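To start, the structure itself, in structure tokens.
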Amino acid sequence: MGNKFILLVGVVLIIGMFGCRSTKYVPDNAYLLNKIEIESEAKDISKEELKYYVRQKENGKILGFWRFHLGLYNLSGRDAAKGFNQWLRRIGEEPVLYDGLLKQKSNEQMRLFLNNKGYYNAVVTDTVLYKKNKKAKVRYSIQAGERYHIGNLSYRVDDDSIRNYVLKDTTNALLKSGAPFDAELHDKERSRITRAMRNKGYYAFRKEFVYFLADSALGNYTVNDSLIVMKDRIVLQGKNDSIINHRKFKIKDVYFLVGYEPQKALDGGSDYLNSFESVEYEGCKLLYGTNLDFRADVLINSNYIFPGDYYNQDLVDKTQRLLSELQLFRFVNIRFKEVVDAVNDQEEGQLECFIQLSSSKLQSYTVDVEGTNSSGNLGAAGSFKYKHKNFMRGGEVFNMGFRLAGESQRSRSNENFQTLEAGADATLTIPKFMVPFKIENFRKRYNPRTNFTLAYNYQRRPDYTRTIASGRIGYSWKSSALVSHYLAPIDFSVVNVPYIDPEFQKQIEPTFLKYSYEDHLISSTSYSYTYNEQSVAGNKNYHFFQANIQSAGNLIDGLSSLVQENRSKEYNEVFGIRYAQYIKADIDWRYHIKVNPINAFAYRIFMGAGYPYGNLTVMPFERRYFSGGANSIRAWPVRGLGPGSYEETQLEYYNQTADIKLEANAEYRFKLFWLLEGAFFVDIGNIWTIRSSGDEDIDLKGLFEFNKFYKQIAVGVGTGARLDFSYFVFRLDMGIKARDPILPEGNRWVLGVQPIKWNDMAFNFAIGYPF
């Protein structure tokens, strides 16, 4: 099935490239917009920024030259009534015909944009080059002139009551004397001032109260800015508008409307809330239906709006976010109403706050039968998952799951073998920081959560059977919208290996690797830092960065060394099980670039190392790195690469692991038609051991050494096809070995140098993007 799918994709791509001439559907006396060029003297303004204001774009291209979608459209016949022709035109792209009116609009839009960036003397001209083959190229030429800069920046605050606030806040101003003039930055400064005033209690303060007067008539390419803050303007019934000072607002009452239903409120009018029960807690009023399903402190702990406090926009937004994160409500809406009996000309106003909470279903379960993918190995799995969002009436989230999975993998001799995995896990997440000391300020600032997890996993492979029982206590919190943290001070795993294939045991017996396949205990502490722009990037480029550090065995080693019976042994045990000691750290950086709706680039760099010491001088198998497979270097099978230039020839099953991993990936992605996407990629990297394993061949070829590790880098290239169903992506990648480190030094390049053999290729079926 996979080969047929690849063949079909290949045929479509070839037809799209060479199918028909690009001007097939260009009418007489019309021209295909073949190319747009921008020549600009404004070096600090990118051409991509300018191209945004071009009102007419040429047909989309893949690889910078291939009008694939136009080619599909041109494959259609003249008879638009035929279904196949309609389908080709729907998945393809209609030819973009040159339009002189849109060209003029583009000129004007770019000129206005440059003016707003401080290029007041910019001149935009255009040239249209018509070709005999019914194609046209438009060239925009920009003579930018000198860019204006901000000279003096003065402030005029008409309202005496807020003048000090505004002037003291100028240290945070976005506009600086000497900086290039930028109208967008001026608008951001208006928004910043508005936000600052609303955080000081000025609920009714709006962006319209702030404006600029710019004087560019002084010469020397300088703009003198005057920032003006107006007084408030209110409308009094039966009277003319009144100009008054801005008023601060205090919160008079806070109402939590639990179980609020907008449609019922609309239908019931003012009588809707009369049927609600009411209770007061810490100054706030909780209104609810027949029952309050959770403790009142659940709401109060996530609330930062209280009677007697001044209005603060940041705290309102934080309350909105924290209440939404509780998972108890389908939606959260915070509204304010000015108290009507407040006198309009008094210094302070009053607000009533209504927090509308629409209840969510508290319990759910799912039963799934699904196809699975583990680093490129396909299989099937069945699972049962249960979730309770209010487990102990405190907003605690309880998750429990059972899973049974089987996968089909290939050995070195290309024979299929089966693996079986079964497991169960349970996690309780409490919306508090459960520690034996008080950290109220930390709780209010970061809203941490505590996670308790228990899990059991059974794994069966032809070469070994393994069980893992684990427990973990962890804390998670977000220090900003982009940065999250996870700390697991207690992470406990007991690994039992009841069966090892005799041949496999024979191979690892002389090496330190045998300790990875013995019963052992892992007691660790770990911390993860994650920076992720994806949630706020929208259609823009975004970064992802994660750093992890883990230390295992130190605390338990200190305690076990006090036990008398351990002092006479080569190593210490806890409950008769040897424990591991190591430190491990890694980083994962990714960068996604969206060029346009058709083309995108993705990059990743991964670096990690683990160092075993003390009680167990080899990293536990579960904590070692591996390379190869659908989410790594795709020209090699999972666990089929490394360490270094070492070639495993004795073991039938791929199982190569090590202590150090370096990897870099680059991928070019492009949309084709329907759900289909394509990709080209390059993967480089390898794994290495950090200390002697006891096997002379592995030590010679697999140890990390600064003077030769770069010579052992593996390089894989390839192409892929993806089906994007929005909620998941089905991926098929074909990797080819371009540089194989197991080959003799000086002859390791394969692609373009040596004939490509079947063993130099790998096919990876996977769910989701590799990174």
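We label chains A, B, ... in the order they appear in the structure tokens, count residues from 1 in each chain, and number ligands from 1 in the order shown.
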For this session: May I have the residues within 8 Å of region 118-129 of chain A as a PyMOL selection string, using only C-alpha atoms and disregarding those fewer than 5 positions away in the same chain?
Result: chain A and resi 107-108+110-111+136-149+180-183
Export of the given selection (N, CA and C atoms) as an mmCIF file, in the first residue's frame:
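The new file selection-v2.cif reads:
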data_model
loop_
_atom_site.group_PDB
_atom_site.id
_atom_site.type_symbol
_atom_site.label_atom_id
_atom_site.label_comp_id
_atom_site.auth_asym_id
_atom_site.auth_seq_id
_atom_site.Cartn_x
_atom_site.Cartn_y
_atom_site.Cartn_z
ATOM 1 N N ASN A 107 1.267 50.543 -5.427
ATOM 2 C CA ASN A 107 2.151 51.702 -5.339
ATOM 3 C C ASN A 107 1.781 52.584 -4.157
ATOM 4 N N GLU A 108 0.506 52.920 -4.080
ATOM 5 C CA GLU A 108 0.024 53.832 -3.048
ATOM 6 C C GLU A 108 0.165 53.224 -1.657
ATOM 7 N N MET A 110 2.318 50.907 -0.606
ATOM 8 C CA MET A 110 3.720 50.870 -0.196
ATOM 9 C C MET A 110 4.218 52.265 0.180
ATOM 10 N N ARG A 111 3.781 53.282 -0.552
ATOM 11 C CA ARG A 111 4.188 54.637 -0.230
ATOM 12 C C ARG A 111 3.673 55.052 1.151
ATOM 13 N N ALA A 136 3.798 38.717 -17.827
ATOM 14 C CA ALA A 136 4.194 40.072 -17.443
ATOM 15 C C ALA A 136 4.955 40.043 -16.130
ATOM 16 N N LYS A 137 5.977 40.867 -16.063
ATOM 17 C CA LYS A 137 6.748 41.017 -14.827
ATOM 18 C C LYS A 137 6.614 42.455 -14.351
ATOM 19 N N VAL A 138 6.308 42.616 -13.072
ATOM 20 C CA VAL A 138 6.147 43.957 -12.491
ATOM 21 C C VAL A 138 7.311 44.214 -11.548
ATOM 22 N N ARG A 139 7.980 45.332 -11.765
ATOM 23 C CA ARG A 139 9.098 45.722 -10.908
ATOM 24 C C ARG A 139 8.745 47.036 -10.215
ATOM 25 N N TYR A 140 8.764 47.001 -8.879
ATOM 26 C CA TYR A 140 8.540 48.206 -8.079
ATOM 27 C C TYR A 140 9.891 48.748 -7.626
ATOM 28 N N SER A 141 10.147 50.002 -7.900
ATOM 29 C CA SER A 141 11.400 50.641 -7.501
ATOM 30 C C SER A 141 11.095 51.709 -6.454
ATOM 31 N N ILE A 142 11.821 51.658 -5.356
ATOM 32 C CA ILE A 142 11.561 52.565 -4.238
ATOM 33 C C ILE A 142 12.783 53.429 -3.987
ATOM 34 N N GLN A 143 12.604 54.713 -4.178
ATOM 35 C CA GLN A 143 13.600 55.691 -3.768
ATOM 36 C C GLN A 143 13.157 56.225 -2.406
ATOM 37 N N ALA A 144 13.772 55.700 -1.372
ATOM 38 C CA ALA A 144 13.265 55.945 -0.017
ATOM 39 C C ALA A 144 13.591 57.345 0.493
ATOM 40 N N GLY A 145 14.738 57.866 0.144
ATOM 41 C CA GLY A 145 15.158 59.126 0.744
ATOM 42 C C GLY A 145 15.610 58.919 2.185
ATOM 43 N N GLU A 146 15.878 60.004 2.878
ATOM 44 C CA GLU A 146 16.321 59.917 4.269
ATOM 45 C C GLU A 146 15.144 59.563 5.187
ATOM 46 N N ARG A 147 15.438 58.748 6.175
ATOM 47 C CA ARG A 147 14.411 58.407 7.163
ATOM 48 C C ARG A 147 14.410 59.439 8.284
ATOM 49 N N TYR A 148 13.224 59.869 8.656
ATOM 50 C CA TYR A 148 13.089 60.831 9.740
ATOM 51 C C TYR A 148 13.247 60.132 11.098
ATOM 52 N N HIS A 149 13.820 60.867 12.044
ATOM 53 C CA HIS A 149 14.009 60.357 13.394
ATOM 54 C C HIS A 149 13.283 61.266 14.389
ATOM 55 N N PRO A 180 14.305 55.980 15.021
ATOM 56 C CA PRO A 180 13.593 56.198 13.758
ATOM 57 C C PRO A 180 12.102 56.392 14.004
ATOM 58 N N PHE A 181 11.502 57.291 13.246
ATOM 59 C CA PHE A 181 10.063 57.523 13.382
ATOM 60 C C PHE A 181 9.305 56.301 12.865
ATOM 61 N N ASP A 182 8.290 55.871 13.621
ATOM 62 C CA ASP A 182 7.501 54.693 13.253
ATOM 63 C C ASP A 182 6.084 54.889 13.788
ATOM 64 N N ALA A 183 5.116 55.037 12.873
ATOM 65 C CA ALA A 183 3.730 55.280 13.293
ATOM 66 C C ALA A 183 3.177 54.100 14.085
#
Seminar exercise, completed: Of A:Leu114, A:Ser22, A:Ser627, A:Val729, the one nearest to Gly71 (chain A) when counting only C-alpha atoms is A:Ser22
Seminar exercise, completed: Judged by only C-alpha atoms, the minimum distance to Ser470 (chain A) among A:Ile91, A:Leu521, A:Leu266, A:Leu487 is found for A:Leu521
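Closest approach to Val682 (chain A) from the set A:Gly628, A:Pro637, A:Gly219, A:Gly735 is made by A:Gly735, with distances taken over only C-alpha atoms.
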Exercise. Can you list, as an NGL selection string, every residue of region 234-335 of chain A that DSSP puts in alpha helix (DSSP H)?
Worked result: :A and (262-268 or 296-300 or 313-325)
